[in-house]
$ cat model.cif   # mmCIF, C-alpha atoms
data_protein
loop_
_atom_site.label_atom_id
_atom_site.label_comp_id
_atom_site.auth_asym_id
_atom_site.auth_seq_id
_atom_site.Cartn_x
_atom_site.Cartn_y
_atom_site.Cartn_z
CA MET N 23 -68.45 -11.40 1.00
CA LYS N 24 -66.37 -8.67 2.58
CA HIS N 25 -67.85 -5.44 3.87
CA ARG N 26 -65.66 -2.36 3.60
CA ILE N 27 -65.13 -0.52 6.90
CA PHE N 28 -64.25 3.20 6.95
CA LEU N 29 -63.98 5.74 9.77
CA PHE N 30 -66.67 8.43 9.75
CA SER N 31 -65.27 11.85 9.22
CA THR N 32 -64.93 13.97 12.34
CA LEU N 33 -67.31 16.60 10.99
CA LEU N 34 -70.07 14.15 10.11
CA VAL N 35 -69.99 12.40 13.48
CA PHE N 36 -69.81 15.66 15.41
CA PHE N 37 -72.82 16.92 13.47
CA SER N 38 -74.82 13.75 14.08
CA PHE N 39 -73.99 13.75 17.79
CA THR N 40 -74.95 17.41 18.09
CA LEU N 41 -78.34 16.62 16.59
CA PHE N 42 -78.78 13.74 19.02
CA ALA N 43 -77.69 15.76 22.04
CA ASN N 44 -79.96 18.68 21.23
CA SER N 45 -82.98 16.66 20.20
CA ASN N 46 -85.89 15.82 22.45
CA GLU N 47 -86.16 12.48 20.69
CA GLU N 48 -84.50 9.45 22.23
CA SER N 49 -82.21 7.48 19.94
CA GLU N 50 -82.92 3.91 18.90
CA LEU N 51 -80.04 2.62 21.04
CA TYR N 52 -81.13 4.57 24.10
CA LYS N 53 -84.67 3.23 23.80
CA TRP N 54 -83.35 -0.30 23.43
CA LEU N 55 -81.07 0.04 26.47
CA LYS N 56 -83.87 1.44 28.63
CA ALA N 57 -86.11 -1.48 27.63
CA GLN N 58 -83.67 -4.16 28.88
CA ASP N 59 -84.15 -5.82 32.25
CA GLY N 60 -81.31 -5.90 34.76
CA ILE N 61 -79.39 -2.82 33.63
CA GLU N 62 -79.17 0.86 34.59
CA VAL N 63 -78.43 3.42 31.86
CA HIS N 64 -76.63 6.74 32.28
CA GLU N 65 -75.86 8.99 29.31
CA LYS N 66 -72.22 10.02 28.87
CA SER N 67 -70.31 12.43 26.66
CA VAL N 68 -68.52 10.71 23.81
CA ASP N 69 -64.83 9.91 24.26
CA SER N 70 -63.97 10.38 20.59
CA SER N 71 -65.32 12.10 17.50
CA MET N 72 -65.73 8.60 16.07
CA PHE N 73 -68.87 8.06 18.13
CA SER N 74 -72.34 9.57 18.06
CA GLU N 75 -73.57 8.30 21.44
CA ALA N 76 -72.04 7.02 24.66
CA TYR N 77 -73.52 5.49 27.80
CA LYS N 78 -72.42 4.24 31.18
CA VAL N 79 -74.39 1.11 31.98
CA TYR N 80 -74.58 -0.94 35.15
CA PHE N 81 -75.31 -4.62 34.53
CA TRP N 82 -76.61 -6.75 37.41
CA GLN N 83 -74.57 -9.95 37.77
CA PRO N 84 -74.72 -12.93 40.12
CA VAL N 85 -71.74 -12.94 42.44
CA ASP N 86 -71.73 -16.71 41.95
CA HIS N 87 -72.86 -17.84 38.51
CA ASN N 88 -73.51 -21.30 39.95
CA ASN N 89 -76.19 -19.64 42.07
CA PRO N 90 -77.89 -17.16 39.67
CA ASP N 91 -80.67 -16.38 42.14
CA GLY N 92 -78.25 -15.47 44.92
CA GLN N 93 -76.36 -12.27 45.75
CA LYS N 94 -75.96 -9.72 42.93
CA PHE N 95 -73.54 -6.90 42.15
CA LYS N 96 -73.47 -4.11 39.55
CA GLN N 97 -70.84 -4.34 36.82
CA ARG N 98 -69.82 -1.10 35.11
CA ILE N 99 -69.84 -0.89 31.29
CA TYR N 100 -69.14 1.94 28.85
CA ILE N 101 -70.80 1.80 25.43
CA SER N 102 -69.43 3.99 22.63
CA HIS N 103 -71.76 3.85 19.64
CA MET N 104 -71.08 4.51 15.99
CA ASP N 105 -73.46 2.38 13.92
CA LYS N 106 -75.39 -0.78 14.86
CA ASN N 107 -74.46 -2.27 11.47
CA LYS N 108 -70.72 -2.11 12.20
CA PRO N 109 -68.59 -4.50 14.27
CA VAL N 110 -68.03 -4.21 18.01
CA VAL N 111 -64.66 -4.09 19.75
CA LEU N 112 -65.07 -5.57 23.20
CA ASN N 113 -62.49 -4.33 25.72
CA LEU N 114 -62.25 -6.84 28.54
CA ALA N 115 -60.43 -4.76 31.12
CA GLY N 116 -58.49 -6.65 33.78
CA TYR N 117 -58.93 -3.86 36.29
CA ALA N 118 -61.12 -0.79 36.80
CA ILE N 119 -62.00 1.06 33.60
CA ARG N 120 -61.92 4.51 32.06
CA ASN N 121 -63.97 5.40 29.02
CA THR N 122 -61.12 5.41 26.52
CA THR N 123 -61.05 4.41 22.85
CA MET N 124 -58.98 1.31 22.15
CA GLU N 125 -56.42 1.14 19.35
CA LEU N 126 -58.32 -1.70 17.69
CA THR N 127 -61.55 0.33 17.69
CA LYS N 128 -59.80 3.11 15.76
CA ILE N 129 -58.25 0.67 13.29
CA ILE N 130 -61.53 -1.05 12.44
CA GLY N 131 -63.71 2.05 12.85
CA CYS N 132 -66.58 0.60 14.84
CA ASN N 133 -68.54 0.46 18.08
CA GLN N 134 -66.92 -0.27 21.43
CA VAL N 135 -68.10 -1.96 24.63
CA ASN N 136 -65.72 -1.49 27.58
CA ILE N 137 -66.33 -3.77 30.60
CA GLU N 138 -64.87 -3.47 34.09
CA HIS N 139 -63.51 -6.59 35.78
CA ARG N 140 -65.42 -7.93 38.77
CA TYR N 141 -64.02 -6.86 42.19
CA PHE N 142 -62.33 -3.77 40.68
CA GLY N 143 -63.40 -0.12 40.51
CA GLU N 144 -67.17 0.22 40.92
CA SER N 145 -67.86 -3.48 40.21
CA VAL N 146 -67.38 -4.80 43.73
CA PRO N 147 -69.82 -7.15 45.49
CA GLU N 148 -71.09 -6.29 48.96
CA PRO N 149 -70.63 -8.19 51.18
CA PHE N 150 -67.20 -9.03 49.84
CA ASP N 151 -66.25 -12.71 49.40
CA TRP N 152 -62.92 -13.63 47.78
CA GLN N 153 -63.94 -17.14 46.71
CA TYR N 154 -65.94 -15.88 43.71
CA LEU N 155 -63.03 -13.99 42.17
CA THR N 156 -62.06 -16.65 39.62
CA VAL N 157 -61.30 -16.56 35.91
CA TRP N 158 -64.37 -18.69 35.18
CA GLN N 159 -66.71 -16.40 37.14
CA SER N 160 -65.24 -13.37 35.35
CA ALA N 161 -65.53 -15.01 31.92
CA THR N 162 -69.16 -15.78 32.66
CA ASP N 163 -69.78 -12.12 33.51
CA TYR N 164 -68.63 -11.18 30.02
CA HIS N 165 -70.60 -13.99 28.41
CA ARG N 166 -73.88 -12.73 29.89
CA ILE N 167 -73.16 -9.16 28.77
CA ILE N 168 -72.28 -10.26 25.24
CA GLU N 169 -75.42 -12.39 25.01
CA LEU N 170 -77.53 -9.33 25.74
CA PHE N 171 -75.75 -6.83 23.48
CA LYS N 172 -75.61 -9.22 20.54
CA LYS N 173 -79.37 -8.74 20.30
CA TYR N 174 -78.65 -5.17 19.19
CA TYR N 175 -75.18 -5.35 17.62
CA LYS N 176 -75.40 -8.27 15.19
CA GLU N 177 -72.20 -7.80 13.18
CA LYS N 178 -68.74 -9.17 14.05
CA TRP N 179 -67.40 -9.03 17.62
CA ILE N 180 -63.70 -8.67 18.42
CA SER N 181 -62.41 -8.98 22.00
CA THR N 182 -59.25 -7.26 23.17
CA GLY N 183 -57.44 -6.20 26.32
CA ILE N 184 -54.06 -4.98 27.52
CA SER N 185 -51.80 -6.75 30.05
CA LYS N 186 -54.15 -8.28 32.62
CA GLY N 187 -56.95 -7.28 30.24
CA GLY N 188 -55.17 -9.36 27.61
CA GLN N 189 -55.13 -12.28 30.02
CA THR N 190 -58.84 -11.74 30.66
CA THR N 191 -59.44 -11.81 26.89
CA ILE N 192 -57.65 -15.16 26.66
CA PHE N 193 -59.51 -16.65 29.62
CA HIS N 194 -62.89 -15.62 28.26
CA ARG N 195 -62.16 -17.35 24.94
CA ARG N 196 -61.32 -20.58 26.77
CA TYR N 197 -64.74 -20.79 28.39
CA TYR N 198 -66.94 -19.04 25.79
CA ASN N 199 -65.14 -19.43 22.50
CA ASN N 200 -68.15 -18.65 20.30
CA ASP N 201 -68.93 -15.29 21.93
CA VAL N 202 -66.59 -13.42 19.58
CA ASP N 203 -65.20 -13.81 16.07
CA ALA N 204 -61.59 -12.87 16.82
CA SER N 205 -59.38 -11.68 19.69
CA VAL N 206 -56.33 -9.42 20.03
CA PRO N 207 -54.70 -9.77 23.48
CA TYR N 208 -51.87 -7.27 24.06
CA VAL N 209 -48.77 -8.07 26.20
CA ALA N 210 -50.63 -10.84 28.05
CA PRO N 211 -48.57 -13.40 30.00
CA LEU N 212 -49.76 -16.93 30.52
CA ASN N 213 -48.08 -17.82 33.81
CA LEU N 214 -48.07 -21.50 34.66
CA GLU N 215 -46.97 -21.19 38.29
CA GLU N 216 -47.48 -18.82 41.19
CA ASP N 217 -43.81 -17.89 40.71
CA ASP N 218 -43.18 -18.39 36.99
CA ARG N 219 -39.42 -18.78 36.78
CA ARG N 220 -39.29 -18.20 33.03
CA ILE N 221 -39.24 -14.52 33.97
CA TYR N 222 -35.95 -15.03 35.88
CA THR N 223 -34.35 -16.53 32.77
CA HIS N 224 -35.68 -13.73 30.59
CA LEU N 225 -34.14 -11.06 32.83
CA GLU N 226 -30.76 -12.86 32.72
CA ILE N 227 -30.47 -12.61 28.93
CA ILE N 228 -32.49 -9.52 28.00
CA GLY N 229 -30.78 -6.62 26.23
CA SER N 230 -26.99 -6.23 26.43
CA LYS N 231 -24.70 -7.49 29.18
CA GLU N 232 -23.45 -3.94 29.65
CA CYS N 233 -26.98 -2.73 30.36
CA ARG N 234 -27.77 -5.61 32.72
CA ASP N 235 -24.52 -4.98 34.60
CA LYS N 236 -25.33 -1.28 34.92
CA ILE N 237 -28.76 -2.06 36.35
CA LEU N 238 -27.27 -4.47 38.91
CA ALA N 239 -24.58 -1.96 39.91
CA TYR N 240 -27.27 0.71 40.39
CA GLN N 241 -29.39 -1.61 42.55
CA LYS N 242 -26.39 -2.51 44.73
CA LYS N 243 -25.40 1.12 45.16
CA LEU N 244 -28.92 1.97 46.27
CA LEU N 245 -28.85 -0.75 48.93
CA LYS N 246 -25.37 0.21 50.12
CA ASN N 247 -26.56 3.79 50.62
CA LYS N 248 -29.86 2.85 52.24
CA ALA N 249 -29.17 4.76 55.46
CA GLU N 250 -28.86 8.04 53.51
CA ILE N 251 -31.69 7.34 51.06
CA ILE N 252 -34.41 6.39 53.57
CA PRO N 253 -34.62 9.98 54.95
CA LEU N 254 -35.01 11.23 51.35
CA MET N 255 -37.79 8.70 50.85
CA LYS N 256 -39.56 9.90 54.01
CA ALA N 257 -39.33 13.53 52.93
CA TYR N 258 -40.66 12.60 49.50
CA ALA N 259 -43.58 10.74 51.08
CA LYS N 260 -44.48 13.69 53.31
CA ALA N 261 -44.31 16.19 50.45
CA ASN N 262 -46.44 14.03 48.14
CA ASP N 263 -48.98 12.71 50.67
CA LYS N 264 -47.81 9.11 50.33
CA SER N 265 -47.59 6.48 53.03
CA PHE N 266 -45.66 3.23 53.44
CA ASP N 267 -47.19 1.95 56.67
CA TYR N 268 -48.12 -1.44 55.23
CA LEU N 269 -44.49 -2.49 54.72
CA GLY N 270 -42.57 0.20 56.56
CA TYR N 271 -39.98 2.42 54.88
CA GLU N 272 -37.01 0.05 55.05
CA LYS N 273 -38.85 -2.99 53.71
CA ALA N 274 -40.68 -0.95 51.07
CA PHE N 275 -37.36 0.52 49.90
CA GLU N 276 -35.74 -2.89 49.51
CA TYR N 277 -38.62 -4.15 47.41
CA VAL N 278 -38.53 -1.06 45.22
CA VAL N 279 -34.86 -1.81 44.55
CA LEU N 280 -35.57 -5.47 43.74
CA GLU N 281 -38.47 -4.48 41.49
CA TYR N 282 -36.32 -1.98 39.55
CA ASN N 283 -34.85 -4.61 37.20
CA PHE N 284 -38.26 -5.93 36.16
CA ALA N 285 -39.80 -2.45 35.94
CA PHE N 286 -36.93 -1.07 33.83
CA TRP N 287 -37.37 -3.65 31.10
CA GLN N 288 -41.15 -3.56 31.35
CA TRP N 289 -41.48 0.19 30.78
CA GLN N 290 -38.15 1.79 29.75
CA GLY N 291 -35.63 -0.59 28.16
CA PRO N 292 -33.33 -0.55 26.35
CA ASP N 293 -32.24 3.06 27.09
CA CYS N 294 -29.64 2.33 29.78
CA ASP N 295 -28.11 5.81 29.52
CA VAL N 296 -30.80 7.10 31.88
CA ILE N 297 -29.49 4.91 34.75
CA PRO N 298 -27.15 6.76 37.16
CA GLY N 299 -23.59 5.52 36.77
CA GLU N 300 -20.58 4.99 39.00
CA GLY N 301 -20.06 8.63 39.97
CA ALA N 302 -23.69 9.41 40.86
CA THR N 303 -24.46 11.11 44.16
CA VAL N 304 -26.94 9.72 46.67
CA GLY N 305 -29.39 12.42 45.62
CA GLU N 306 -29.06 11.41 41.98
CA LEU N 307 -29.56 7.75 42.87
CA PHE N 308 -32.76 8.60 44.71
CA ASP N 309 -34.07 11.09 42.14
CA HIS N 310 -33.88 8.52 39.36
CA LEU N 311 -35.87 6.04 41.45
CA LYS N 312 -38.40 8.72 42.36
CA ASP N 313 -38.74 10.12 38.84
CA LYS N 314 -39.58 6.69 37.45
CA ARG N 315 -42.50 6.49 39.91
CA SER N 316 -40.97 3.36 41.41
CA PHE N 317 -42.39 4.04 44.88
CA ASN N 318 -45.98 3.86 43.64
CA TYR N 319 -45.64 0.07 43.52
CA VAL N 320 -45.24 -0.31 47.30
CA GLU N 321 -47.26 2.73 48.44
CA ASP N 322 -50.16 1.89 50.78
CA SER N 323 -52.95 2.93 48.43
CA ASN N 324 -51.65 0.57 45.75
CA PHE N 325 -52.23 -2.48 47.93
CA GLY N 326 -55.87 -1.62 48.42
CA ARG N 327 -56.44 -0.84 44.75
CA LEU N 328 -54.64 -3.95 43.51
CA SER N 329 -55.50 -6.47 46.21
CA PRO N 330 -57.96 -8.25 43.84
CA PHE N 331 -55.12 -8.63 41.32
CA PHE N 332 -52.79 -10.11 43.92
CA TYR N 333 -55.52 -12.50 45.03
CA GLN N 334 -55.90 -13.73 41.46
CA ALA N 335 -52.12 -13.92 41.02
CA PHE N 336 -51.71 -16.13 44.06
CA THR N 337 -54.68 -18.40 43.33
CA GLU N 338 -54.93 -18.85 39.54
CA ILE N 339 -53.13 -16.49 37.14
CA GLY N 340 -49.60 -16.55 38.60
CA TYR N 341 -46.95 -13.92 39.19
CA TYR N 342 -43.18 -13.58 39.50
CA ASN N 343 -40.60 -13.23 42.22
CA TYR N 344 -37.15 -11.74 42.80
CA ASP N 345 -33.74 -13.35 42.57
CA THR N 346 -31.98 -12.07 45.69
CA THR N 347 -28.76 -14.03 45.11
CA PRO N 348 -26.77 -11.02 43.76
CA PHE N 349 -27.68 -8.97 46.86
CA GLU N 350 -26.31 -11.26 49.57
CA GLY N 351 -25.49 -9.22 52.68
CA LEU N 352 -27.35 -6.12 51.41
CA LEU N 353 -30.93 -7.04 52.35
CA ASP N 354 -32.37 -6.84 55.86
CA TYR N 355 -36.04 -7.53 55.08
CA ALA N 356 -36.59 -8.85 51.56
CA GLN N 357 -36.01 -12.55 50.96
CA GLU N 358 -36.25 -14.98 48.06
CA GLY N 359 -39.79 -16.21 47.52
CA THR N 360 -41.54 -13.36 49.29
CA SER N 361 -43.83 -11.80 46.69
CA ARG N 362 -46.67 -12.67 49.06
CA ILE N 363 -45.86 -9.56 51.06
CA PHE N 364 -48.79 -8.28 48.99
CA ASP N 365 -51.28 -10.70 50.57
CA PRO N 366 -54.85 -9.35 50.44
CA SER N 367 -56.13 -9.26 54.01
CA GLY N 368 -58.58 -11.97 55.00
CA ALA N 369 -57.99 -14.04 51.85
CA ASP N 370 -57.42 -17.79 51.97
CA MET N 371 -55.11 -18.36 49.01
CA LYS N 372 -53.84 -21.60 47.53
CA PHE N 373 -52.49 -21.63 43.98
CA ASN N 374 -54.23 -23.95 41.52
CA SER N 375 -51.87 -24.56 38.60
CA ASN N 376 -54.44 -26.68 36.76
CA VAL N 377 -56.39 -23.60 35.63
CA MET N 378 -53.61 -22.06 33.52
CA LEU N 379 -52.40 -25.44 32.25
CA ASP N 380 -55.91 -26.18 31.01
CA ILE N 381 -56.11 -22.79 29.28
CA ARG N 382 -52.68 -23.26 27.68
CA ASN N 383 -53.64 -26.68 26.32
CA TRP N 384 -56.93 -25.34 24.96
CA LEU N 385 -55.22 -22.41 23.23
CA ARG N 386 -52.79 -24.75 21.50
CA THR N 387 -55.50 -26.94 20.02
CA ASN N 388 -58.67 -24.81 19.79
CA GLY N 389 -57.74 -21.14 20.11
CA ASN N 390 -58.29 -19.94 16.55
CA ASN N 391 -58.53 -16.34 15.29
CA MET N 392 -56.31 -14.97 18.05
CA LEU N 393 -53.57 -12.40 17.42
CA TYR N 394 -51.13 -12.02 20.32
CA ILE N 395 -49.07 -8.82 20.59
CA TYR N 396 -45.82 -8.75 22.63
CA GLY N 397 -42.70 -6.64 23.10
CA GLU N 398 -39.38 -8.48 22.93
CA TYR N 399 -37.85 -6.86 26.04
CA ASP N 400 -40.98 -6.91 28.20
CA PRO N 401 -40.46 -9.41 31.06
CA TRP N 402 -44.11 -10.41 30.68
CA SER N 403 -43.16 -11.80 27.27
CA ALA N 404 -41.22 -14.61 28.95
CA PRO N 405 -44.47 -16.48 29.69
CA ALA N 406 -46.03 -15.52 26.36
CA VAL N 407 -48.61 -17.80 24.80
CA GLY N 408 -46.76 -20.52 22.90
CA LEU N 409 -48.38 -21.82 19.73
CA THR N 410 -47.83 -25.23 18.13
CA GLY N 411 -49.16 -24.64 14.62
CA ARG N 412 -52.40 -26.50 15.33
CA THR N 413 -54.49 -23.32 15.12
CA ASN N 414 -54.53 -20.35 12.73
CA SER N 415 -53.57 -17.89 15.49
CA ILE N 416 -50.35 -15.84 15.35
CA VAL N 417 -47.91 -14.27 17.80
CA MET N 418 -46.23 -10.94 16.95
CA PHE N 419 -43.11 -9.82 18.87
CA HIS N 420 -42.01 -6.23 18.40
CA PRO N 421 -38.18 -6.10 18.36
CA LYS N 422 -36.89 -4.35 21.51
CA GLY N 423 -40.49 -3.51 22.44
CA ASN N 424 -41.66 -3.22 26.03
CA HIS N 425 -45.03 -3.43 27.82
CA LYS N 426 -46.27 -0.39 25.87
CA THR N 427 -46.08 -2.33 22.58
CA ARG N 428 -49.15 -1.84 20.39
CA ILE N 429 -49.96 -2.53 16.74
CA LYS N 430 -48.78 1.01 15.92
CA SER N 431 -45.34 0.03 17.31
CA PHE N 432 -44.68 -2.38 14.45
CA SER N 433 -43.26 -1.65 11.02
CA LYS N 434 -45.65 -0.79 8.19
CA GLU N 435 -45.06 -4.23 6.73
CA ASP N 436 -45.97 -5.94 10.01
CA GLN N 437 -49.00 -3.68 10.47
CA HIS N 438 -50.33 -4.65 7.06
CA TYR N 439 -49.80 -8.31 7.91
CA ILE N 440 -51.78 -7.83 11.14
CA PHE N 441 -54.53 -6.02 9.23
CA SER N 442 -54.66 -8.83 6.66
CA LYS N 443 -55.27 -11.39 9.40
CA LEU N 444 -58.07 -9.31 10.91
CA GLU N 445 -59.60 -8.85 7.47
CA GLU N 446 -59.48 -12.60 6.88
CA TRP N 447 -61.02 -13.53 10.21
CA LEU N 448 -63.65 -10.78 10.30
CA GLU N 449 -64.51 -10.67 6.58
CA ILE N 450 -63.96 -6.93 6.43
CA GLU N 451 -61.53 -4.56 4.73
CA ILE N 452 -59.48 -2.18 6.83
CA ASP N 453 -58.51 1.24 5.51
CA TYR N 454 -56.38 2.78 8.26
CA GLU N 455 -53.01 4.48 8.62
CA PHE N 456 -51.40 5.47 11.92
CA GLU N 457 -50.54 9.13 12.29
#
$ encode --input "model.cif" --output "structure tokens"
Amino acid sequence: MKHRIFLFSTLLVFFSFTLFANSNEESELYKWLKAQDGIEVHEKSVDSSMFSEAYKVYFWQPVDHNNPDGQKFKQRIYISHMDKNKPVVLNLAGYAIRNTTMELTKIIGCNQVNIEHRYFGESVPEPFDWQYLTVWQSATDYHRIIELFKKYYKEKWISTGISKGGQTTIFHRRYYNNDVDASVPYVAPLNLEEDDRRIYTHLEIIGSKECRDKILAYQKKLLKNKAEIIPLMKAYAKANDKSFDYLGYEKAFEYVVLEYNFAFWQWQGPDCDVIPGEGATVGELFDHLKDKRSFNYVEDSNFGRLSPFFYQAFTEIGYYNYDTTPFEGLLDYAQEGTSRIFDPSGADMKFNSNVMLDIRNWLRTNGNNMLYIYGEYDPWSAPAVGLTGRTNSIVMFHPKGNHKTRIKSFSKEDQHYIFSKLEEWLEIEIDYEFE
């Protein structure tokens, strides 16, 4: 039997939250949270008028799930509550989290649990030990949290995540398939190697030849004018309190140029008119690179913030590299096969390809009720999950879409098809239209 799901009206939810906030009585959920062992509860303001209550919760986890009585760390969670008798959207973030409302939560009109990934944000073990940052350890974090919250929220559970969060959603299903009823990973690559060369091939055929040629010409012109652009980069860094000490200005600049091709198709494509053409001045070449926030990728603070990601990339989940062949004679520092310039300090890294191969094989034969969202032009779509027809899962590619592709990006017809699959898997009815 299907249960019809509607969004509460803004007025009704605001009124109910106002009563809760101004009442001396503790809500049922708050009482339940406070009664649970191994968690700390902090009340939060709601992120959306959909919700009547919101909490920041810290959940004590073993650093090593094979040693549950050993070292512990606190994992940050945000709970956004609507109604205990409605489904739960579970956002498995691949990084640190903010208390934001996911697209899928709005579509279904339900509760949301947002979980930070271990070793990111506030969820960092002390003392720090890289060896326990694995996809299995992370999946087990989520499994323990779901086990607890299913005692309160007993309706359907739907996991989701974006980019690395989408990967995390996939990995969790591999190890704890029965934790949720369905999953919607967004723009999530399934890399099979440390340097997944399918991305090279994708970048060689993506978009139009005219656009690809314009990108290459722009990259070459940047490198040929490096001596004039580096002083502009230094002035920009000083004015914006940025530093490039980890790589040095020259090396950082070369990697920004190499990264431009990937980043353009990931975030901007296919609007090639924005790329400076043949007659552009050095200032215009630099301003375009600066305005697209390209330097953030190699800025010192980024390495510290993303070092757990790079550790995972170089041990289990894979990454990509740069084809330097077109830039022969123009590079002084960057070389083919050097993405490990981002090495996390003190980490002993050896890539284990068996982990992703195992997950791929499981998805093809057992990964049911999974809806994969991709953008056609996004380079991370090159290593998209490939289905074989042995499950009921589906892959949706948005034509010319990039890494910002969401369900709302698709045509009305495709949206209704996506909704129909969710209705089938979750035994609900969805009444939602994007604004």
$ resolve_selection --input "model.cif" --expression "the PyMOL selection byres ((chain N and resi 328) around 12)" --output "PyMOL selection string"
chain N and resi 116-118+141-143+186+318-327+329-335+364-367
$ residues_around --input "model.cif" --residues "Gln153 of chain N" --least-positions-apart "2" --cutoff "12 Å" --atoms "all atoms listed in the file" --output "list in words"
Val85, Asp86, Tyr141, Pro147, Phe150, Asp151, Leu155, Thr156, Val157, Trp158, Gln159, Pro330, Tyr333, Gln334, Thr337, Glu338, Gly368, Ala369, Asp370, Met371 and Lys372 of chain N
$ atom_distance --input "model.cif" --atom1 "atom CA of Tyr80 of chain N" --atom2 "atom CA of Gly183 of chain N"
20.0 Å
$ atom_distance --input "model.cif" --atom1 "atom CA of Val135 of chain N" --atom2 "atom CA of Tyr100 of chain N"
5.8 Å
$ atom_distance --input "model.cif" --atom1 "atom CA of Phe73 of chain N" --atom2 "atom CA of Met104 of chain N"
4.7 Å
$ resolve_selection --input "model.cif" --expression "the PyMOL selection byres ((chain N and resi 296) around 12)" --output "ChimeraX atom specification"
/N:233,236-237,240,286,290-295,297-299,302,306-307,309-311,313-314
$ residues_around --input "model.cif" --residues "Ile227 of chain N" --least-positions-apart "6" --cutoff "12 Å" --atoms "all atoms listed in the file" --output "list in words"
Arg220, Ile221, Cys233, Arg234, Asp235, Trp287, Glu398, Tyr399, Asp400, Pro401 and Ala404 of chain N
$ resolve_selection --input "model.cif" --expression "the PyMOL selection byres ((chain N and resi 216) around 9)" --output "list in words"
Asn213, Leu214, Glu215, Asp217, Asp218, Ala335, Phe336, Thr337, Glu338, Ile339, Gly340, Tyr341, Tyr342, Asn343, Phe373, Asn374 and Ser375 of chain N
$ closest_residue --input "model.cif" --among "N:Arg166, N:Phe171, N:Ile137, N:Ile130" --to "Leu55 of chain N" --atoms "only C-alpha atoms"
N:Phe171
$ closest_residue --input "model.cif" --among "N:Pro253, N:Asn107, N:Lys128, N:Leu51" --to "Ser71 of chain N" --atoms "only C-alpha atoms"
N:Lys128
$ build_atoms --input "model.cif" --residues "segment 286-299 of chain N" --atoms "N, CA and C atoms" --output "CSV table (one decimal), keeping the file's coordinate frame"
chain,number,residue,atom,x,y,z
N,286,PHE,N,-37.7,-1.7,34.9
N,286,PHE,CA,-36.9,-1.1,33.8
N,286,PHE,C,-37.2,-1.7,32.5
N,287,TRP,N,-37.2,-3.0,32.4
N,287,TRP,CA,-37.4,-3.6,31.1
N,287,TRP,C,-38.8,-3.6,30.7
N,288,GLN,N,-39.7,-3.6,31.7
N,288,GLN,CA,-41.2,-3.6,31.4
N,288,GLN,C,-41.5,-2.2,30.7
N,289,TRP,N,-41.0,-1.1,31.2
N,289,TRP,CA,-41.5,0.2,30.8
N,289,TRP,C,-40.5,1.0,30.0
N,290,GLN,N,-39.1,0.9,30.3
N,290,GLN,CA,-38.2,1.8,29.8
N,290,GLN,C,-37.2,1.2,28.7
N,291,GLY,N,-36.7,0.0,29.0
N,291,GLY,CA,-35.6,-0.6,28.2
N,291,GLY,C,-35.8,-0.3,26.7
N,292,PRO,N,-34.7,-0.2,25.9
N,292,PRO,CA,-33.3,-0.6,26.4
N,292,PRO,C,-32.4,0.7,26.6
N,293,ASP,N,-33.0,1.8,26.9
N,293,ASP,CA,-32.2,3.1,27.1
N,293,ASP,C,-31.5,3.1,28.4
N,294,CYS,N,-30.4,2.4,28.5
N,294,CYS,CA,-29.6,2.3,29.8
N,294,CYS,C,-28.9,3.6,30.1
N,295,ASP,N,-28.8,4.6,29.2
N,295,ASP,CA,-28.1,5.8,29.5
N,295,ASP,C,-28.8,6.6,30.6
N,296,VAL,N,-30.1,6.3,30.9
N,296,VAL,CA,-30.8,7.1,31.9
N,296,VAL,C,-30.4,6.6,33.3
N,297,ILE,N,-29.8,5.5,33.4
N,297,ILE,CA,-29.5,4.9,34.8
N,297,ILE,C,-28.3,5.6,35.3
N,298,PRO,N,-28.3,6.1,36.6
N,298,PRO,CA,-27.2,6.8,37.2
N,298,PRO,C,-25.9,5.8,37.2
N,299,GLY,N,-24.8,6.3,36.8
N,299,GLY,CA,-23.6,5.5,36.8
N,299,GLY,C,-22.7,5.6,38.0
